[in-house]
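Text of the file entry-v9.txt, holding compact mmCIF, C-alpha atoms:
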```txt
# COMPACT_ATOMS: atom_id res chain seq x y z
CA GLY A 222 -31.77 43.03 35.45
CA LEU A 223 -29.32 40.53 36.81
CA LYS A 224 -30.25 41.30 40.42
CA GLY A 225 -31.28 38.24 42.25
CA SER A 226 -30.32 35.94 39.33
CA LYS A 227 -28.03 33.01 39.89
CA LEU A 228 -25.30 31.98 37.47
CA SER A 229 -25.35 28.37 36.43
CA PRO A 230 -22.45 26.50 37.99
CA ARG A 231 -19.63 25.68 35.60
CA PRO A 232 -19.75 22.00 34.70
CA THR A 233 -16.85 19.99 36.06
CA LEU A 234 -15.35 16.74 34.90
CA SER A 235 -15.58 13.81 37.21
CA ALA A 236 -12.43 12.09 38.32
CA ALA A 237 -13.32 9.11 36.15
CA ALA A 238 -13.71 11.31 33.04
CA VAL A 239 -10.35 12.96 33.65
CA PHE A 240 -8.74 9.54 34.10
CA PHE A 241 -10.10 8.18 30.80
CA PHE A 242 -9.16 11.39 28.96
CA PHE A 243 -5.51 11.17 29.99
CA LYS A 244 -5.51 7.42 29.45
CA GLY A 245 -6.61 8.00 25.85
CA MET A 246 -3.93 10.67 25.35
CA ALA A 247 -1.29 8.32 26.74
CA LYS A 248 -2.32 5.61 24.28
CA GLN A 249 -2.01 8.05 21.36
CA LEU A 250 1.44 9.15 22.54
CA LEU A 251 2.62 5.56 22.89
CA LEU A 252 1.37 4.79 19.38
CA VAL A 253 3.29 7.72 17.90
CA LEU A 254 6.45 6.69 19.78
CA ALA A 255 6.08 3.10 18.59
CA LEU A 256 5.78 4.22 14.97
CA ALA A 257 8.82 6.45 15.33
CA VAL A 258 10.86 3.61 16.80
CA SER A 259 9.79 1.18 14.07
CA VAL A 260 10.71 3.63 11.30
CA SER A 261 14.04 4.34 12.98
CA ALA A 262 14.78 0.64 13.29
CA LYS A 263 13.75 -0.08 9.72
CA PHE A 264 16.17 2.46 8.30
CA GLU A 265 18.92 2.05 10.87
CA GLY A 266 22.27 3.35 9.66
CA TRP A 267 21.03 6.15 7.39
CA ILE A 268 22.08 9.62 8.54
CA TYR A 269 21.37 12.78 6.58
CA ASP A 270 24.14 15.36 6.73
CA PRO A 271 22.88 18.74 5.41
CA GLU A 272 26.44 20.02 5.02
CA HIS A 273 27.37 17.08 2.83
CA PRO A 274 24.21 16.14 0.94
CA THR A 275 24.35 13.03 -1.19
CA GLU A 276 22.04 11.38 -3.68
CA PRO A 277 21.34 7.90 -2.26
CA PHE A 278 21.13 6.42 -5.75
CA ASP A 279 24.66 7.66 -6.47
CA GLU A 280 25.62 5.72 -3.36
CA VAL A 281 23.74 2.73 -4.78
CA ALA A 282 25.84 2.83 -7.94
CA LYS A 283 29.05 3.28 -5.96
CA ALA A 284 28.22 0.40 -3.62
CA VAL A 285 27.50 -1.96 -6.51
CA THR A 286 30.68 -0.85 -8.29
CA ASP A 287 32.72 -1.46 -5.12
CA MET A 288 31.28 -4.97 -4.88
CA ILE A 289 32.06 -5.65 -8.54
CA HIS A 290 35.64 -4.36 -8.30
CA ASP A 291 36.65 -5.31 -4.75
CA HIS A 292 36.38 -9.05 -4.41
CA GLY A 293 37.05 -8.68 -0.69
CA LEU A 294 33.51 -7.36 -0.19
CA VAL A 295 31.93 -10.46 -1.70
CA ASP A 296 33.14 -13.77 -0.35
CA ARG A 297 32.40 -15.79 -3.46
CA ARG A 298 34.42 -17.92 -5.84
CA ASP A 299 35.51 -16.39 -9.14
CA ASP A 300 32.66 -17.65 -11.33
CA ASN A 301 32.05 -14.50 -13.39
CA TRP A 302 29.20 -13.45 -11.10
CA GLN A 303 29.91 -9.82 -12.01
CA GLY A 304 29.20 -10.43 -15.68
CA ASN A 305 26.12 -12.50 -14.90
CA PHE A 306 24.86 -9.82 -12.53
CA CYS A 307 25.27 -7.13 -15.21
CA SER A 308 23.49 -9.27 -17.80
CA CYS A 309 20.64 -9.68 -15.35
CA MET A 310 20.46 -5.92 -14.80
CA GLU A 311 20.61 -5.11 -18.51
CA ASN A 312 17.81 -7.56 -19.26
CA GLY A 313 15.63 -6.33 -16.40
CA HIS A 314 12.56 -4.15 -16.69
CA ILE A 315 11.26 -1.28 -14.59
CA SER A 316 8.14 0.89 -14.47
CA SER A 317 7.80 3.37 -17.32
CA TRP A 318 5.15 5.32 -19.20
CA TYR A 319 2.13 3.05 -19.76
CA GLN A 320 4.15 -0.19 -19.58
CA TYR A 321 7.31 -1.78 -18.19
CA ALA A 322 10.45 -0.80 -20.08
CA SER A 323 14.11 -1.73 -20.21
CA ALA A 324 16.18 -0.90 -17.15
CA MET A 325 18.78 0.49 -19.56
CA TYR A 326 16.87 3.77 -19.33
CA LEU A 327 18.57 4.19 -15.95
CA ILE A 328 21.70 2.07 -16.46
CA ASP A 329 24.52 3.85 -18.25
CA THR A 330 27.14 1.13 -17.78
CA CYS A 331 27.41 -2.24 -16.11
CA ASN A 332 30.40 -4.51 -16.67
CA PRO A 333 33.19 -6.08 -14.62
CA LYS A 334 35.76 -3.55 -15.83
CA GLU A 335 33.91 -0.23 -15.44
CA GLY A 336 31.50 -1.17 -12.69
CA PHE A 337 27.93 0.09 -12.36
CA ILE A 338 26.98 3.59 -13.49
CA MET A 339 23.42 4.88 -13.16
CA ARG A 340 21.61 7.88 -14.62
CA SER A 341 20.48 8.91 -11.16
CA GLY A 342 19.41 12.34 -12.41
CA HIS A 343 16.33 10.64 -13.86
CA LEU A 344 15.23 9.89 -10.29
CA GLN A 345 15.89 13.21 -8.58
CA ASP A 346 12.20 14.17 -8.44
CA ARG A 347 11.00 10.82 -7.09
CA HIS A 348 9.69 12.57 -3.95
CA VAL A 349 7.05 14.43 -5.99
CA GLU A 350 6.80 12.44 -9.23
CA PRO A 351 5.04 9.08 -8.66
CA LEU A 352 6.46 7.50 -11.81
CA GLN A 353 10.02 8.33 -10.79
CA GLY A 354 9.25 6.85 -7.39
CA MET A 355 8.09 3.59 -9.00
CA MET A 356 11.16 3.51 -11.26
CA ALA A 357 13.45 4.05 -8.28
CA CYS A 358 11.73 1.31 -6.30
CA ASP A 359 11.86 -1.13 -9.21
CA THR A 360 15.58 -0.40 -9.61
CA LEU A 361 16.23 -1.36 -6.00
CA LYS A 362 14.14 -4.50 -6.50
CA LEU A 363 16.02 -5.39 -9.68
CA ILE A 364 19.46 -5.00 -8.09
CA THR A 365 18.34 -7.09 -5.12
CA TYR A 366 16.88 -9.72 -7.44
CA CYS A 367 20.03 -9.97 -9.57
CA LEU A 368 22.32 -10.15 -6.53
CA SER A 369 20.14 -12.81 -4.92
CA HIS A 370 20.44 -14.95 -8.06
CA HIS A 371 24.11 -14.37 -8.94
CA ALA A 372 25.90 -13.30 -5.75
CA GLN A 373 23.89 -14.03 -2.63
CA GLU A 374 27.01 -13.43 -0.57
CA ALA A 375 26.76 -9.72 -1.49
CA LEU A 376 23.30 -9.25 0.01
CA PRO A 377 24.41 -8.38 3.58
CA THR A 378 26.67 -5.62 2.19
CA TRP A 379 23.98 -4.44 -0.20
CA GLU A 380 21.15 -4.36 2.32
CA LYS A 381 22.31 -1.24 4.19
CA THR A 382 22.80 0.78 0.99
CA CYS A 383 19.46 -0.41 -0.33
CA LYS A 384 17.67 0.66 2.84
CA ASN A 385 19.27 4.12 2.69
CA ALA A 386 17.88 4.62 -0.83
CA HIS A 387 14.58 3.01 0.15
CA TYR A 388 14.17 5.67 2.85
CA THR A 389 14.07 8.37 0.15
CA THR A 390 11.68 6.50 -2.14
CA PRO A 391 7.98 7.01 -1.31
CA ALA A 392 5.62 4.03 -1.15
CA CYS A 393 8.34 1.52 -2.01
CA ASN A 394 7.92 -2.07 -0.81
CA VAL A 395 11.34 -3.43 -1.74
CA ASP A 396 12.72 -6.12 0.55
CA CYS A 397 16.42 -5.26 0.67
CA SER A 398 17.28 -8.58 2.30
CA GLY A 399 16.81 -10.40 -0.99
CA ALA A 400 13.33 -11.87 -0.61
CA VAL A 401 12.33 -11.55 -4.25
CA HIS A 402 8.71 -12.66 -3.87
CA ARG A 403 7.69 -9.00 -3.54
CA PHE A 404 8.91 -8.03 -6.99
CA GLY A 405 6.03 -6.62 -9.04
CA GLY A 406 4.13 -9.28 -10.96
CA LEU A 407 4.55 -8.06 -14.53
CA GLY A 408 8.11 -6.88 -13.90
CA LEU A 409 9.14 -10.26 -12.53
CA VAL A 410 7.57 -12.12 -15.45
CA ALA A 411 9.34 -9.85 -17.93
CA LEU A 412 12.63 -10.21 -16.08
CA ALA A 413 12.35 -13.97 -15.84
CA ALA A 414 11.49 -14.27 -19.52
CA ALA A 415 14.43 -12.09 -20.52
CA ALA A 416 16.83 -14.04 -18.31
CA PHE A 417 15.56 -17.42 -19.55
CA PHE A 418 15.52 -16.70 -23.27
CA GLY A 419 18.57 -14.46 -23.25
CA PHE A 420 16.88 -11.43 -24.79
CA ASN A 421 19.01 -8.31 -24.95
CA ALA A 422 17.50 -4.89 -24.33
```
Take the structure in the file and write it out as structure tokens.
Amino acid sequence: GLKGSKLSPRPTLSAAAVFFFFKGMAKQLLLVLALAVSVSAKFEGWIYDPEHPTEPFDEVAKAVTDMIHDHGLVDRRDDNWQGNFCSCMENGHISSWYQYASAMYLIDTCNPKEGFIMRSGHLQDRHVEPLQGMMACDTLKLITYCLSHHAQEALPTWEKTCKNAHYTTPACNVDCSGAVHRFGGLGLVALAAAAFFGFNA
């Protein structure tokens, strides 16, 4: 039986082992907090209100329309930048099935009189549909590109709206500040060619 037998003593952790265990846990916690802070800082200004849900790309269209209509938002001389911006958008290209396609798939209207109207319903599943995510990201890149070339003064106003939409677009590397060097290679070539030769979609 068990009479006379001795139970093995339960192993204990040394003070040094306990110290390194908690040190490792602290490092993990600090890393998580740092990531949370960086994400919060990157998308500063965006607040989701569940009682008043909005589609960020509707806000994108509204923000661009406000800039086109309200000259007070863009401190720039009257040089027809609105028309040039819309021409740039209409001649731009975004991701599509198998190849880049005209941005007019998502642009309903763009002109100085009516403003900027998007078919944002085509992007409502961007959270689960990779292609819609790429289209949404390319749209943000295209708007930023066209503003940076035709109304740089609008970029500070645009940046906040762009970041709000960026937050809801998975795996999107748009630089909302207007640094266009990140625009996708083929898309930028197609856009530049269209802008240079004056092709119409």
Using all atoms listed in the file, determine which residues lie at most 8 Å from stretch 278-289 of chain A, disregarding the query and same-chain residues fewer than 3 positions distant; provide the list as a PyMOL selection string.
chain A and resi 275+292+294-295+303+333+335-339+341+375+379+382-383+386
In Å, with one decimal, what is the gap from atom CA of A:Pro391 to atom CA of A:His348?
6.4 Å
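With only C-alpha atoms as the atoms that count, the minimum distance from A:Pro351 to the choices A:Ile364, A:Ser398, A:Ala392, A:Arg298 is reached by A:Ala392.
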Please, what distance in Å, to one decimal, runs between atom CA of A:Asn332 and atom CA of A:Cys307?
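Atom-to-atom, atom CA of A:Asn332 to atom CA of A:Cys307, that is 5.9 Å.
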Find the distance between atom CA of A:His290 and atom CA of A:Gly304 and write it in Å to one decimal.
11.5 Å
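Close contacts of A:Val349, defined as residues with an atom at most 12 Å away when counting all atoms listed in the file, with chain neighbours fewer than 5 positions off set aside, comprise Leu344, Gly354, Met355, Thr389, Thr390, Pro391 and Ala392 of chain A.
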May I have the residues at most 9 Å from (11.2, 3.1, -12.7) in the file's coordinates, counting only C-alpha atoms, as a list of chain:residue names?
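Counting only C-alpha atoms, I find these residues within 9 Å of (11.2, 3.1, -12.7): A:His314, A:Ile315, A:Ser316, A:Ser317, A:Tyr321, A:Ala322, A:Ala324, A:Tyr326, A:Leu327, A:Leu344, A:Leu352, A:Gln353, A:Gly354, A:Met355, A:Met356, A:Ala357, A:Cys358, A:Asp359, A:Thr360.
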Show me the residues close to (20.8, -3.5, -21.0) - anything with an atom within 10 Å, counting only C-alpha atoms - and format the list as a short mmCIF file (atom, residue, chain, number, x, y, z; two decimals) with C-alpha atoms, in the frame of the given file.
```cif
data_model
loop_
_atom_site.label_atom_id
_atom_site.label_comp_id
_atom_site.auth_asym_id
_atom_site.auth_seq_id
_atom_site.Cartn_x
_atom_site.Cartn_y
_atom_site.Cartn_z
CA CYS A 307 25.27 -7.13 -15.21
CA SER A 308 23.49 -9.27 -17.80
CA CYS A 309 20.64 -9.68 -15.35
CA MET A 310 20.46 -5.92 -14.80
CA GLU A 311 20.61 -5.11 -18.51
CA ASN A 312 17.81 -7.56 -19.26
CA GLY A 313 15.63 -6.33 -16.40
CA HIS A 314 12.56 -4.15 -16.69
CA SER A 323 14.11 -1.73 -20.21
CA ALA A 324 16.18 -0.90 -17.15
CA MET A 325 18.78 0.49 -19.56
CA TYR A 326 16.87 3.77 -19.33
CA LEU A 327 18.57 4.19 -15.95
CA ILE A 328 21.70 2.07 -16.46
CA ASP A 329 24.52 3.85 -18.25
CA THR A 330 27.14 1.13 -17.78
CA CYS A 331 27.41 -2.24 -16.11
CA PHE A 420 16.88 -11.43 -24.79
CA ASN A 421 19.01 -8.31 -24.95
CA ALA A 422 17.50 -4.89 -24.33
#
```
Which one of A:Gly399, A:Pro277, A:Gly293, A:Gly342 sits closest to A:Tyr366 if you count all atoms listed in the file?
A:Gly399
From the list A:Tyr388, A:Leu368, A:Leu376, A:Lys381, which residue is nearest A:Asn305 when using all atoms listed in the file?
A:Leu368
